[in-house]
Each structure stands twice: as C-alpha cells, then as structure tokens.
$ cat data-v8.txt   # compact mmCIF, C-alpha atoms
# COMPACT_ATOMS: atom_id res chain seq x y z
CA MET L 200 -32.53 22.79 -11.79
CA GLN L 201 -32.77 19.04 -11.15
CA LYS L 202 -29.75 18.35 -13.39
CA LEU L 203 -27.77 21.04 -11.54
CA LYS L 204 -28.52 19.41 -8.19
CA GLU L 205 -27.53 16.00 -9.53
CA LYS L 206 -24.26 17.45 -10.82
CA GLU L 207 -23.54 19.07 -7.45
CA ALA L 208 -24.28 15.81 -5.64
CA PHE L 209 -21.96 13.95 -8.02
CA VAL L 210 -19.10 16.43 -7.45
CA ILE L 211 -19.58 16.37 -3.67
CA ARG L 212 -19.56 12.57 -3.68
CA ILE L 213 -16.31 12.43 -5.69
CA LEU L 214 -14.61 15.03 -3.48
CA ALA L 215 -15.70 13.27 -0.27
CA ILE L 216 -14.27 9.95 -1.45
CA ILE L 217 -10.96 11.53 -2.51
CA LEU L 218 -10.72 13.57 0.71
CA GLY L 219 -11.42 10.44 2.74
CA SER L 220 -8.61 8.57 0.98
CA PHE L 221 -6.23 11.48 1.60
CA ILE L 222 -7.05 11.54 5.32
CA SER L 223 -6.66 7.76 5.61
CA ALA L 224 -3.30 7.88 3.82
CA ILE L 225 -2.05 10.52 6.28
CA SER L 226 -3.17 8.36 9.21
CA VAL L 227 -1.24 5.37 7.86
CA ASN L 228 1.97 7.09 6.79
CA CYS L 229 2.29 9.65 9.59
CA PHE L 230 0.92 7.83 12.64
CA LEU L 231 0.90 4.07 12.08
CA VAL L 232 3.99 3.25 9.99
CA PRO L 233 6.51 5.12 12.23
CA HIS L 234 5.54 2.83 15.13
CA HIS L 235 5.03 -0.35 13.10
CA LEU L 236 1.33 -0.41 13.91
CA LEU L 237 -1.17 -2.17 11.65
CA SER L 238 -4.22 -0.70 9.98
CA ALA L 239 -7.61 -2.10 9.16
CA GLY L 240 -8.41 -4.10 6.05
CA ILE L 241 -6.15 -4.80 3.11
CA THR L 242 -4.07 -1.79 4.14
CA GLY L 243 -3.13 -3.83 7.21
CA ILE L 244 -1.90 -6.70 5.02
CA ALA L 245 -0.01 -4.21 2.83
CA LEU L 246 1.63 -2.89 6.01
CA VAL L 247 2.70 -6.40 7.00
CA LEU L 248 4.37 -6.74 3.58
CA ARG L 249 5.97 -3.32 4.04
CA TYR L 250 7.40 -4.22 7.44
CA CYS L 251 8.59 -7.69 6.37
CA ILE L 252 9.92 -7.21 2.82
CA ASN L 253 9.73 -3.42 2.36
CA THR L 254 7.05 -3.58 -0.36
CA PRO L 255 5.75 -0.11 -1.42
CA LEU L 256 2.40 0.45 0.32
CA GLY L 257 0.56 1.95 -2.65
CA ALA L 258 1.58 -0.81 -5.06
CA ALA L 259 0.81 -3.59 -2.57
CA LEU L 260 -2.64 -2.13 -1.85
CA LEU L 261 -3.43 -1.94 -5.56
CA ILE L 262 -2.38 -5.54 -6.28
CA LEU L 263 -4.10 -7.05 -3.24
CA ASN L 264 -7.38 -5.36 -4.16
CA ILE L 265 -7.65 -6.87 -7.66
CA PRO L 266 -9.18 -10.26 -6.67
CA ILE L 267 -11.50 -8.58 -4.14
CA PHE L 268 -12.90 -6.22 -6.77
CA ILE L 269 -13.44 -9.18 -9.12
CA VAL L 270 -15.60 -10.84 -6.45
CA GLY L 271 -17.28 -7.53 -5.60
CA ILE L 272 -18.43 -6.95 -9.17
CA LYS L 273 -20.51 -10.13 -8.97
CA GLU L 274 -21.98 -9.46 -5.53
CA ILE L 275 -22.44 -5.66 -5.23
CA ASP L 276 -24.13 -3.09 -7.42
CA LYS L 277 -21.95 -1.42 -10.04
CA ASP L 278 -22.44 2.06 -8.59
CA PHE L 279 -20.82 1.04 -5.31
CA ILE L 280 -17.99 -0.81 -7.05
CA ILE L 281 -17.16 2.06 -9.43
CA TYR L 282 -16.94 4.62 -6.65
CA SER L 283 -15.04 2.17 -4.44
CA LEU L 284 -12.55 1.76 -7.26
CA LEU L 285 -12.02 5.52 -7.13
CA GLY L 286 -11.52 5.28 -3.36
CA MET L 287 -9.03 2.45 -3.67
CA VAL L 288 -6.97 4.03 -6.47
CA SER L 289 -6.87 7.43 -4.76
CA MET L 290 -5.85 5.73 -1.50
CA SER L 291 -2.98 3.95 -3.30
CA VAL L 292 -1.84 7.23 -4.87
CA PHE L 293 -2.06 9.20 -1.61
CA LEU L 294 -0.06 6.53 0.24
CA ASN L 295 2.83 7.43 -2.08
CA ILE L 296 2.49 11.21 -2.26
CA THR L 297 1.91 11.81 1.49
CA ILE L 298 5.24 10.25 2.51
CA PRO L 299 7.02 13.67 2.52
CA MET L 300 4.51 14.85 5.16
CA VAL L 301 5.72 12.31 7.74
CA PRO L 302 8.51 14.44 9.32
CA TYR L 303 6.05 17.30 9.90
CA LEU L 304 3.21 15.27 11.43
CA GLN L 305 4.92 12.31 13.07
CA ILE L 306 4.37 11.94 16.84
CA ASN L 307 6.95 10.15 18.97
CA ASP L 308 4.43 9.04 21.60
CA ILE L 309 3.01 5.70 20.43
CA MET L 310 -0.26 6.07 22.35
CA LEU L 311 -1.00 9.48 20.83
CA SER L 312 -0.06 8.07 17.42
CA CYS L 313 -2.43 5.12 17.69
CA ILE L 314 -5.26 7.46 18.80
CA ALA L 315 -4.59 10.01 16.05
CA GLY L 316 -4.18 7.25 13.47
CA GLY L 317 -7.44 5.59 14.54
CA VAL L 318 -9.43 8.82 14.48
CA LEU L 319 -8.13 9.95 11.08
CA ASN L 320 -8.49 6.50 9.55
CA GLY L 321 -12.06 6.34 10.86
CA ILE L 322 -12.85 9.75 9.40
CA GLY L 323 -11.35 8.83 6.03
CA CYS L 324 -13.20 5.50 5.76
CA GLY L 325 -16.37 7.10 7.14
CA PHE L 326 -16.34 9.74 4.40
CA ALA L 327 -16.16 6.96 1.81
CA PHE L 328 -19.00 4.98 3.38
CA ARG L 329 -21.20 8.08 3.71
CA SER L 330 -20.69 8.57 -0.02
CA ARG L 331 -21.85 4.98 -0.68
CA ALA L 332 -18.34 3.85 -1.55
CA SER L 333 -15.30 2.38 0.17
CA GLN L 334 -11.53 2.33 -0.11
CA GLY L 335 -11.60 -1.22 -1.43
CA GLY L 336 -10.22 -4.26 0.30
CA THR L 337 -12.11 -5.73 3.24
CA ASP L 338 -14.58 -2.83 3.10
CA ILE L 339 -16.06 -4.59 0.07
CA ILE L 340 -16.01 -7.94 1.86
CA ALA L 341 -17.73 -6.35 4.88
CA THR L 342 -20.35 -4.78 2.61
CA ILE L 343 -21.10 -8.15 0.99
CA LEU L 344 -21.42 -9.75 4.43
CA LYS L 345 -23.66 -6.91 5.67
CA ARG L 346 -26.08 -7.50 2.83
CA LYS L 347 -26.11 -11.21 3.54
CA THR L 348 -26.19 -11.14 7.36
CA GLY L 349 -27.64 -7.73 8.25
CA GLN L 350 -24.79 -7.05 10.70
CA GLU L 351 -23.32 -3.54 11.05
CA ILE L 352 -20.39 -2.63 8.77
CA ALA L 353 -18.27 -1.54 11.76
CA PHE L 354 -18.78 -4.89 13.56
CA LEU L 355 -17.97 -6.95 10.46
CA SER L 356 -14.88 -4.85 9.71
CA MET L 357 -13.64 -5.33 13.27
CA ALA L 358 -14.07 -9.12 13.01
CA ILE L 359 -12.13 -9.22 9.74
CA ASN L 360 -9.42 -7.01 11.21
CA ILE L 361 -8.88 -9.38 14.12
CA VAL L 362 -7.95 -12.02 11.55
CA ILE L 363 -5.57 -9.54 9.90
CA ILE L 364 -3.92 -8.86 13.26
CA GLY L 365 -3.40 -12.61 13.62
CA VAL L 366 -1.67 -12.67 10.23
CA GLY L 367 0.49 -9.72 11.28
CA VAL L 368 1.50 -11.38 14.53
CA LEU L 369 2.35 -14.60 12.67
CA PHE L 370 4.60 -12.97 10.08
CA MET L 371 5.96 -9.99 12.01
CA GLY L 372 6.39 -11.62 15.38
CA ALA L 373 4.86 -8.50 16.93
CA GLY L 374 4.96 -8.20 20.71
CA LEU L 375 1.91 -7.91 22.96
CA GLU L 376 2.42 -4.15 23.34
CA LEU L 377 2.18 -3.47 19.60
CA ILE L 378 -0.84 -5.76 19.32
CA ILE L 379 -2.67 -3.82 22.05
CA TYR L 380 -1.84 -0.46 20.49
CA THR L 381 -3.03 -1.74 17.11
CA LEU L 382 -6.30 -2.97 18.65
CA ILE L 383 -6.82 0.42 20.31
CA SER L 384 -6.28 2.21 17.01
CA MET L 385 -8.62 -0.16 15.13
CA TYR L 386 -11.32 0.13 17.79
CA ILE L 387 -11.20 3.94 17.66
CA ALA L 388 -11.41 3.83 13.86
CA THR L 389 -14.40 1.45 14.08
CA VAL L 390 -16.29 3.77 16.45
CA VAL L 391 -15.55 6.86 14.34
CA ILE L 392 -16.66 5.09 11.14
CA GLN L 393 -20.00 4.12 12.69
CA LYS L 394 -20.55 7.63 14.06
CA ILE L 395 -19.93 9.16 10.65
CA ILE L 396 -22.17 6.60 8.93
CA ASP L 397 -24.98 7.26 11.43
CA GLY L 398 -24.41 11.03 11.45
CA LEU L 399 -27.31 13.13 12.67
CA ASP L 400 -29.77 10.89 10.80
CA HIS L 401 -29.53 8.09 13.35
CA LYS L 402 -32.99 6.58 13.61
CA LYS L 403 -35.08 6.15 16.76
CA LEU L 404 -38.27 4.26 17.45
CA LEU L 405 -40.76 5.79 19.87
CA TRP L 406 -43.43 3.77 21.68
CA ILE L 407 -45.91 6.12 23.34
CA ILE L 408 -48.62 5.10 25.80
CA THR L 409 -51.07 7.94 26.43
CA ASP L 410 -54.75 8.55 27.11
CA LYS L 411 -54.71 11.11 24.30
CA GLU L 412 -53.33 8.97 21.49
CA VAL L 413 -55.30 10.72 18.73
CA GLU L 414 -54.17 14.22 19.72
CA VAL L 415 -50.54 13.12 20.25
CA SER L 416 -50.29 11.18 16.98
CA ARG L 417 -51.80 14.06 14.99
CA ALA L 418 -49.45 16.59 16.60
CA LEU L 419 -46.38 14.42 15.90
CA THR L 420 -47.42 13.89 12.30
CA THR L 421 -48.06 17.61 11.77
CA GLU L 422 -44.97 18.95 13.58
CA LEU L 423 -42.39 16.32 12.56
CA GLY L 424 -43.73 15.20 9.21
CA ARG L 425 -43.53 11.56 10.30
CA GLY L 426 -46.43 9.17 10.00
CA GLY L 427 -47.22 7.14 13.10
CA THR L 428 -49.05 3.86 13.65
CA LEU L 429 -51.74 3.16 16.28
CA ILE L 430 -51.44 -0.37 17.64
CA ASN L 431 -54.18 -2.07 19.64
CA ALA L 432 -52.94 -3.19 23.06
CA GLU L 433 -54.28 -4.55 26.33
CA GLY L 434 -52.89 -4.14 29.82
CA ALA L 435 -51.52 -7.45 31.14
CA TYR L 436 -52.76 -6.78 34.69
CA THR L 437 -55.74 -4.43 34.28
CA GLY L 438 -57.03 -5.81 30.99
CA GLU L 439 -57.63 -2.21 29.92
CA LYS L 440 -57.73 -1.77 26.16
CA ARG L 441 -55.94 1.19 24.58
CA LYS L 442 -53.84 2.18 21.59
CA ILE L 443 -50.05 2.56 21.57
CA ILE L 444 -48.40 5.04 19.20
CA ASN L 445 -45.48 3.72 17.18
CA ILE L 446 -43.41 6.33 15.30
CA TYR L 447 -39.93 6.41 13.70
CA ILE L 448 -37.95 9.65 13.90
CA THR L 449 -34.35 10.85 13.58
CA LEU L 450 -31.96 11.66 16.41
CA THR L 451 -32.40 15.41 15.92
CA GLN L 452 -36.18 15.13 16.33
CA ILE L 453 -36.18 13.47 19.75
CA ALA L 454 -36.21 16.64 21.88
CA LYS L 455 -39.03 18.18 19.84
CA ALA L 456 -41.05 14.94 19.90
CA LYS L 457 -40.83 14.70 23.70
CA MET L 458 -41.86 18.35 24.04
CA ILE L 459 -44.89 17.81 21.80
CA ILE L 460 -45.97 14.72 23.74
CA GLN L 461 -45.53 16.27 27.19
CA ASP L 462 -47.39 19.45 26.21
CA ILE L 463 -50.44 17.32 25.36
CA ASP L 464 -50.12 14.64 28.06
CA SER L 465 -47.53 15.18 30.80
CA SER L 466 -48.15 11.67 32.16
CA ALA L 467 -47.51 9.90 28.84
CA PHE L 468 -45.17 6.89 28.97
CA ILE L 469 -42.41 7.05 26.30
CA THR L 470 -39.93 4.36 25.29
CA ILE L 471 -37.08 5.20 22.86
CA SER L 472 -35.13 2.50 20.99
CA ASN L 473 -32.22 2.62 18.55
CA ILE L 474 -32.88 1.51 14.97
CA SER L 475 -29.97 0.48 12.74
CA GLU L 476 -31.66 0.99 9.37
CA ILE L 477 -34.88 2.25 7.79
CA ASN L 478 -35.62 2.36 4.08
CA GLY L 479 -38.41 4.43 2.55
CA GLY L 480 -41.13 6.41 4.28
CA GLY L 481 -39.33 9.74 3.89
CA PHE L 482 -36.03 8.56 5.38
CA LYS L 483 -32.78 8.88 3.45
CA LYS L 484 -31.53 5.89 1.54
CA SER L 485 -29.28 3.63 3.59
CA VAL L 486 -25.60 4.46 3.21
CA LEU L 487 -24.79 0.85 2.27

$ encode --input "data-v8.txt" --output "structure tokens"
Amino acid sequence: MQKLKEKEAFVIRILAIILGSFISAISVNCFLVPHHLLSAGITGIALVLRYCINTPLGAALLILNIPIFIVGIKEIDKDFIIYSLLGMVSMSVFLNITIPMVPYLQINDIMLSCIAGGVLNGIGCGFAFRSRASQGGTDIIATILKRKTGQEIAFLSMAINIVIIGVGVLFMGAGLELIIYTLISMYIATVVIQKIIDGLDHKKLLWIITDKEVEVSRALTTELGRGGTLINAEGAYTGEKRKIINIYITLTQIAKAKMIIQDIDSSAFITISNISEINGGGFKKSVL
C-alpha cells in the first residue's frame, strides 16, 4: 500500500510539472510574444534574443539554462535539480510545439494579453514550485537565494526580473508603455505563484489571552490536532500574571479555532499573524 501511494505521488508530481510547463509555454507564445512583452526569468532573456535576432525560444532557453543548472547542482539538493531539469526541458519543448495554437488564442488587446499571460505564467510556475521543482533559469537562482536569505521566492523572483527588464530595455529599446505592461504581467504572475505555493495550507499563528487557558488549549488540541504552548506573561499596567496560548494552525482552521475559543470564553483576546514557513510538528514539508 505504501509503495502504491509513493508511485501515485511520483506520477502526480511528474504530471504537475509537465502541465505547468505547458501552461507557461501557452502564456508566452499566445499572450506575450504577439505584443513583444517580456516574461520572467531566463524565458525573458530568451524573448529578448527572439525579438532582437529571431533566435528560437526553445533552443535559447535550453542553452541559457546550462550554466545555471551547473551552479544549481552544487547548491541545491539533487531531487530539486532533477525535477527542475524535467520542468526546463518540457518548457523548451512546449515553447516549440504550442506555436500553432497562437492564432486560436491570441488576443489583440495588449492589456488583456498581459493579464492573461501573467495569470497563466503564474499558474504554470506555481505548479512546478508546488511539486518541489521549477522550470529552470532564475527559479533556481531564486531558490538558492531563498535558502541563503530566507526571503520569499516570489519577492526574489521579482527582484531578478527587474534586472531582466533592464536588459530588455537596453537591447530592445522598448518604450515606457511596453515596460509598464511587462511589469503588470510579471506582478500578476508573482502574486499567482505565491498564492499557489501557499495554497490552503497557509500558516497562521494565534496568540490567545483568556482566563480559561487550560480549557481553551485542551479544546484546540483535541479539535484541531495542533499542540499549543502556554507562555507565562504579566500585564504591563496591572502586573497581573497569566498564561498566553500560542498555537500554529492552517488557514482552513481559523474559523473553527475562533468558534472553539469563543464557545469557551466569549471575552478572549485573539491575535492572528501570518507565518511564511513551518517545518515539522505535523505540518507539510515546505515546498522549497
């Protein structure tokens, strides 16, 4: 049974990476290229080469990724690199075979194209990241930087892409209008990527101040399956000593947690904070 589940997980992971590459290729060929917009990452540099010297996108992407993968092998675990190699190769292939789809999906309105391109590109890259892989290029650079700096993948990717836009402007002589549309598309893709990475497992930290800390903490532990921590605290003004409940939950558990707390103590004080990453303790392994 365990081997069957592992095989299913492996197949789903492969399919998600390939599907993500297919969606990203459609976004580039059908919505970005017709309006000479740039894309994120190495694909953006490949697009600059395409616009300037008519280099085939798939071939350019493949060649530009070689030195990055060489660096990545030394800095990132082999599992991530192997699956990212699949993402990169499938992206290169799909950039060639989705060209015939352009006449059927192309949109003449540049604003709609940059929105559609950003959303689809974000979905495609997000699928890869959720599968603990990437489509190569600056995704690997961003992953290396995330592990060294702790910054979010989406933020790091956006910073790298600003540099790529600068390169595009330098070599293409793009006007302000195209630059703005490109930035809009990249920003949308960045937001979509982060939403897909976070999914419904986005973590929250609850701080609960209540006169019934024992009852509340036991109820939360029993109903949500999450262990809490009781922290000794003292009121700054009153000097009153009490315990504060600290508990980590997922986004989908917030409503139930608040209901549990209010049923026991309607006057309880609750603070909810966003948490970017939690490892262990019953939470799923971090995507990257």

$ closest_residue --input "data-v8.txt" --among "L:Ser333, L:Ser238, L:Asn295, L:Thr409" --to "L:Lys442" --atoms "all atoms listed in the file"
L:Thr409

$ atom_distance --input "data-v8.txt" --atom1 "atom CA of L:Val270" --atom2 "atom CA of L:Val227"
26.0 Å

$ closest_atom_pairs --input "data-v8.txt" --of "stretch 354-443 of chain L" --to "stretch 244-264 of chain L" --cutoff "8 Å" --atoms "only C-alpha atoms" --output "CSV"
residue,atom,partner,partner_atom,distance
L:Ile363,CA,L:Ile244,CA,6.7
L:Val366,CA,L:Ile244,CA,7.9
L:Gly367,CA,L:Val247,CA,5.9
L:Phe370,CA,L:Val247,CA,7.5
L:Met371,CA,L:Cys251,CA,6.6

$ atom_distance --input "data-v8.txt" --atom1 "atom CA of L:Lys402" --atom2 "atom CA of L:Gln452"
9.5 Å

$ residues_near_point --input "data-v8.txt" --point "(-40.4, 9.1, 22.0)" --cutoff "7 Å" --atoms "all atoms listed in the file" --output "PyMOL selection string"
chain L and resi 404-407+453+456-457+469-471

$ atom_distance --input "data-v8.txt" --atom1 "atom CA of L:Tyr447" --atom2 "atom CA of L:Val413"
16.7 Å

$ residues_around --input "data-v8.txt" --residues "L:Ile463" --least-positions-apart "6" --cutoff "8 Å" --atoms "all atoms listed in the file" --output "mmCIF file with C-alpha atoms, in the frame of the given file"
data_model
loop_
_atom_site.group_PDB
_atom_site.id
_atom_site.type_symbol
_atom_site.label_atom_id
_atom_site.label_comp_id
_atom_site.auth_asym_id
_atom_site.auth_seq_id
_atom_site.Cartn_x
_atom_site.Cartn_y
_atom_site.Cartn_z
ATOM 1 C CA LYS L 411 -54.710 11.110 24.300
ATOM 2 C CA GLU L 414 -54.170 14.220 19.720
ATOM 3 C CA VAL L 415 -50.540 13.120 20.250
#

$ residues_around --input "data-v8.txt" --residues "L:Glu433" --least-positions-apart "5" --cutoff "12 Å" --atoms "only C-alpha atoms" --output "MDAnalysis selection string"
chainID L and resid 408 438:443

$ decode --input "data-v8.txt" --residues "stretch 255-379 of chain L" --atoms "C-alpha atoms" --output "JSON list (two decimals), in the first residue's frame"
[["chain", "number", "residue", "atom", "x", "y", "z"],
["L", 255, "PRO", "CA", 14.14, 30.09, -31.48],
["L", 256, "LEU", "CA", 12.71, 30.37, -27.96],
["L", 257, "GLY", "CA", 13.01, 26.70, -27.02],
["L", 258, "ALA", "CA", 16.64, 26.41, -28.12],
["L", 259, "ALA", "CA", 17.66, 29.69, -26.45],
["L", 260, "LEU", "CA", 16.00, 28.63, -23.17],
["L", 261, "LEU", "CA", 17.82, 25.30, -23.22],
["L", 262, "ILE", "CA", 21.26, 26.84, -23.87],
["L", 263, "LEU", "CA", 20.88, 29.66, -21.34],
["L", 264, "ASN", "CA", 19.92, 27.20, -18.61],
["L", 265, "ILE", "CA", 23.07, 25.04, -18.87],
["L", 266, "PRO", "CA", 25.39, 27.21, -16.69],
["L", 267, "ILE", "CA", 22.60, 27.81, -14.16],
["L", 268, "PHE", "CA", 22.00, 24.08, -13.71],
["L", 269, "ILE", "CA", 25.74, 23.55, -13.25],
["L", 270, "VAL", "CA", 25.70, 26.04, -10.36],
["L", 271, "GLY", "CA", 22.43, 24.60, -9.03],
["L", 272, "ILE", "CA", 23.84, 21.08, -8.77],
["L", 273, "LYS", "CA", 26.40, 22.35, -6.26],
["L", 274, "GLU", "CA", 23.98, 24.44, -4.20],
["L", 275, "ILE", "CA", 20.61, 22.61, -4.24],
["L", 276, "ASP", "CA", 19.60, 19.06, -3.44],
["L", 277, "LYS", "CA", 19.61, 16.62, -6.35],
["L", 278, "ASP", "CA", 15.89, 15.89, -6.07],
["L", 279, "PHE", "CA", 15.00, 19.51, -6.79],
["L", 280, "ILE", "CA", 17.52, 19.76, -9.63],
["L", 281, "ILE", "CA", 16.38, 16.55, -11.35],
["L", 282, "TYR", "CA", 12.73, 17.57, -11.35],
["L", 283, "SER", "CA", 13.64, 21.12, -12.36],
["L", 284, "LEU", "CA", 15.52, 19.67, -15.31],
["L", 285, "LEU", "CA", 12.28, 17.97, -16.33],
["L", 286, "GLY", "CA", 10.47, 21.30, -15.99],
["L", 287, "MET", "CA", 13.05, 23.15, -18.05],
["L", 288, "VAL", "CA", 13.24, 20.57, -20.86],
["L", 289, "SER", "CA", 9.45, 20.24, -21.08],
["L", 290, "MET", "CA", 9.14, 24.05, -21.14],
["L", 291, "SER", "CA", 11.64, 24.23, -24.03],
["L", 292, "VAL", "CA", 9.72, 21.55, -25.94],
["L", 293, "PHE", "CA", 6.31, 23.14, -25.33],
["L", 294, "LEU", "CA", 7.59, 26.54, -26.48],
["L", 295, "ASN", "CA", 8.10, 24.92, -29.89],
["L", 296, "ILE", "CA", 5.00, 22.75, -30.15],
["L", 297, "THR", "CA", 2.48, 25.35, -28.88],
["L", 298, "ILE", "CA", 3.29, 27.84, -31.65],
["L", 299, "PRO", "CA", 0.40, 26.54, -33.87],
["L", 300, "MET", "CA", -2.03, 27.45, -31.05],
["L", 301, "VAL", "CA", -1.25, 31.18, -31.31],
["L", 302, "PRO", "CA", -3.87, 32.09, -33.98],
["L", 303, "TYR", "CA", -6.62, 30.46, -31.90],
["L", 304, "LEU", "CA", -5.75, 32.02, -28.53],
["L", 305, "GLN", "CA", -4.11, 35.33, -29.41],
["L", 306, "ILE", "CA", -5.82, 38.47, -28.03],
["L", 307, "ASN", "CA", -5.43, 41.80, -29.81],
["L", 308, "ASP", "CA", -5.92, 43.87, -26.66],
["L", 309, "ILE", "CA", -2.48, 44.27, -25.05],
["L", 310, "MET", "CA", -3.85, 44.80, -21.53],
["L", 311, "LEU", "CA", -5.93, 41.61, -21.64],
["L", 312, "SER", "CA", -2.91, 39.80, -23.06],
["L", 313, "CYS", "CA", -0.58, 40.93, -20.28],
["L", 314, "ILE", "CA", -3.18, 39.90, -17.65],
["L", 315, "ALA", "CA", -3.85, 36.52, -19.25],
["L", 316, "GLY", "CA", -0.14, 35.94, -19.79],
["L", 317, "GLY", "CA", 0.66, 36.82, -16.18],
["L", 318, "VAL", "CA", -2.05, 34.60, -14.73],
["L", 319, "LEU", "CA", -1.17, 31.58, -16.88],
["L", 320, "ASN", "CA", 2.56, 32.01, -16.35],
["L", 321, "GLY", "CA", 1.96, 32.25, -12.61],
["L", 322, "ILE", "CA", -0.15, 29.09, -12.64],
["L", 323, "GLY", "CA", 2.45, 27.20, -14.67],
["L", 324, "CYS", "CA", 5.39, 28.22, -12.45],
["L", 325, "GLY", "CA", 3.26, 27.71, -9.33],
["L", 326, "PHE", "CA", 2.51, 24.11, -10.33],
["L", 327, "ALA", "CA", 6.24, 23.48, -10.64],
["L", 328, "PHE", "CA", 7.05, 25.05, -7.28],
["L", 329, "ARG", "CA", 4.23, 23.16, -5.54],
["L", 330, "SER", "CA", 5.82, 19.99, -6.89],
["L", 331, "ARG", "CA", 9.19, 21.00, -5.38],
["L", 332, "ALA", "CA", 10.65, 21.77, -8.80],
["L", 333, "SER", "CA", 10.99, 24.71, -11.17],
["L", 334, "GLN", "CA", 11.23, 25.48, -14.86],
["L", 335, "GLY", "CA", 14.92, 26.21, -14.55],
["L", 336, "GLY", "CA", 16.58, 29.54, -15.08],
["L", 337, "THR", "CA", 16.24, 32.22, -12.42],
["L", 338, "ASP", "CA", 13.84, 29.98, -10.48],
["L", 339, "ILE", "CA", 16.93, 28.02, -9.44],
["L", 340, "ILE", "CA", 18.80, 31.24, -8.62],
["L", 341, "ALA", "CA", 15.83, 32.45, -6.55],
["L", 342, "THR", "CA", 15.69, 29.11, -4.73],
["L", 343, "ILE", "CA", 19.40, 29.32, -3.86],
["L", 344, "LEU", "CA", 18.91, 32.88, -2.59],
["L", 345, "LYS", "CA", 15.83, 31.86, -0.58],
["L", 346, "ARG", "CA", 17.82, 29.21, 1.26],
["L", 347, "LYS", "CA", 20.57, 31.70, 1.97],
["L", 348, "THR", "CA", 18.47, 34.76, 2.84],
["L", 349, "GLY", "CA", 15.09, 33.37, 3.94],
["L", 350, "GLN", "CA", 13.24, 35.75, 1.61],
["L", 351, "GLU", "CA", 10.10, 34.60, -0.24],
["L", 352, "ILE", "CA", 10.58, 33.02, -3.69],
["L", 353, "ALA", "CA", 8.08, 35.45, -5.26],
["L", 354, "PHE", "CA", 9.94, 38.52, -3.91],
["L", 355, "LEU", "CA", 13.35, 37.26, -5.05],
["L", 356, "SER", "CA", 12.00, 36.35, -8.50],
["L", 357, "MET", "CA", 10.51, 39.83, -8.88],
["L", 358, "ALA", "CA", 13.85, 41.45, -7.96],
["L", 359, "ILE", "CA", 15.70, 39.33, -10.52],
["L", 360, "ASN", "CA", 13.07, 40.09, -13.14],
["L", 361, "ILE", "CA", 13.52, 43.83, -12.70],
["L", 362, "VAL", "CA", 17.14, 43.32, -13.77],
["L", 363, "ILE", "CA", 15.95, 41.31, -16.78],
["L", 364, "ILE", "CA", 13.59, 44.13, -17.76],
["L", 365, "GLY", "CA", 16.57, 46.49, -17.64],
["L", 366, "VAL", "CA", 18.45, 44.20, -20.03],
["L", 367, "GLY", "CA", 15.42, 44.08, -22.32],
["L", 368, "VAL", "CA", 15.09, 47.86, -22.36],
["L", 369, "LEU", "CA", 18.80, 48.21, -23.11],
["L", 370, "PHE", "CA", 18.84, 45.83, -26.07],
["L", 371, "MET", "CA", 15.30, 46.23, -27.41],
["L", 372, "GLY", "CA", 14.88, 49.93, -26.88],
["L", 373, "ALA", "CA", 11.40, 49.19, -25.52],
["L", 374, "GLY", "CA", 9.13, 52.16, -24.86],
["L", 375, "LEU", "CA", 7.65, 53.07, -21.47],
["L", 376, "GLU", "CA", 4.27, 51.57, -22.43],
["L", 377, "LEU", "CA", 5.70, 48.10, -23.09],
["L", 378, "ILE", "CA", 7.76, 48.28, -19.90],
["L", 379, "ILE", "CA", 4.64, 49.04, -17.84]]
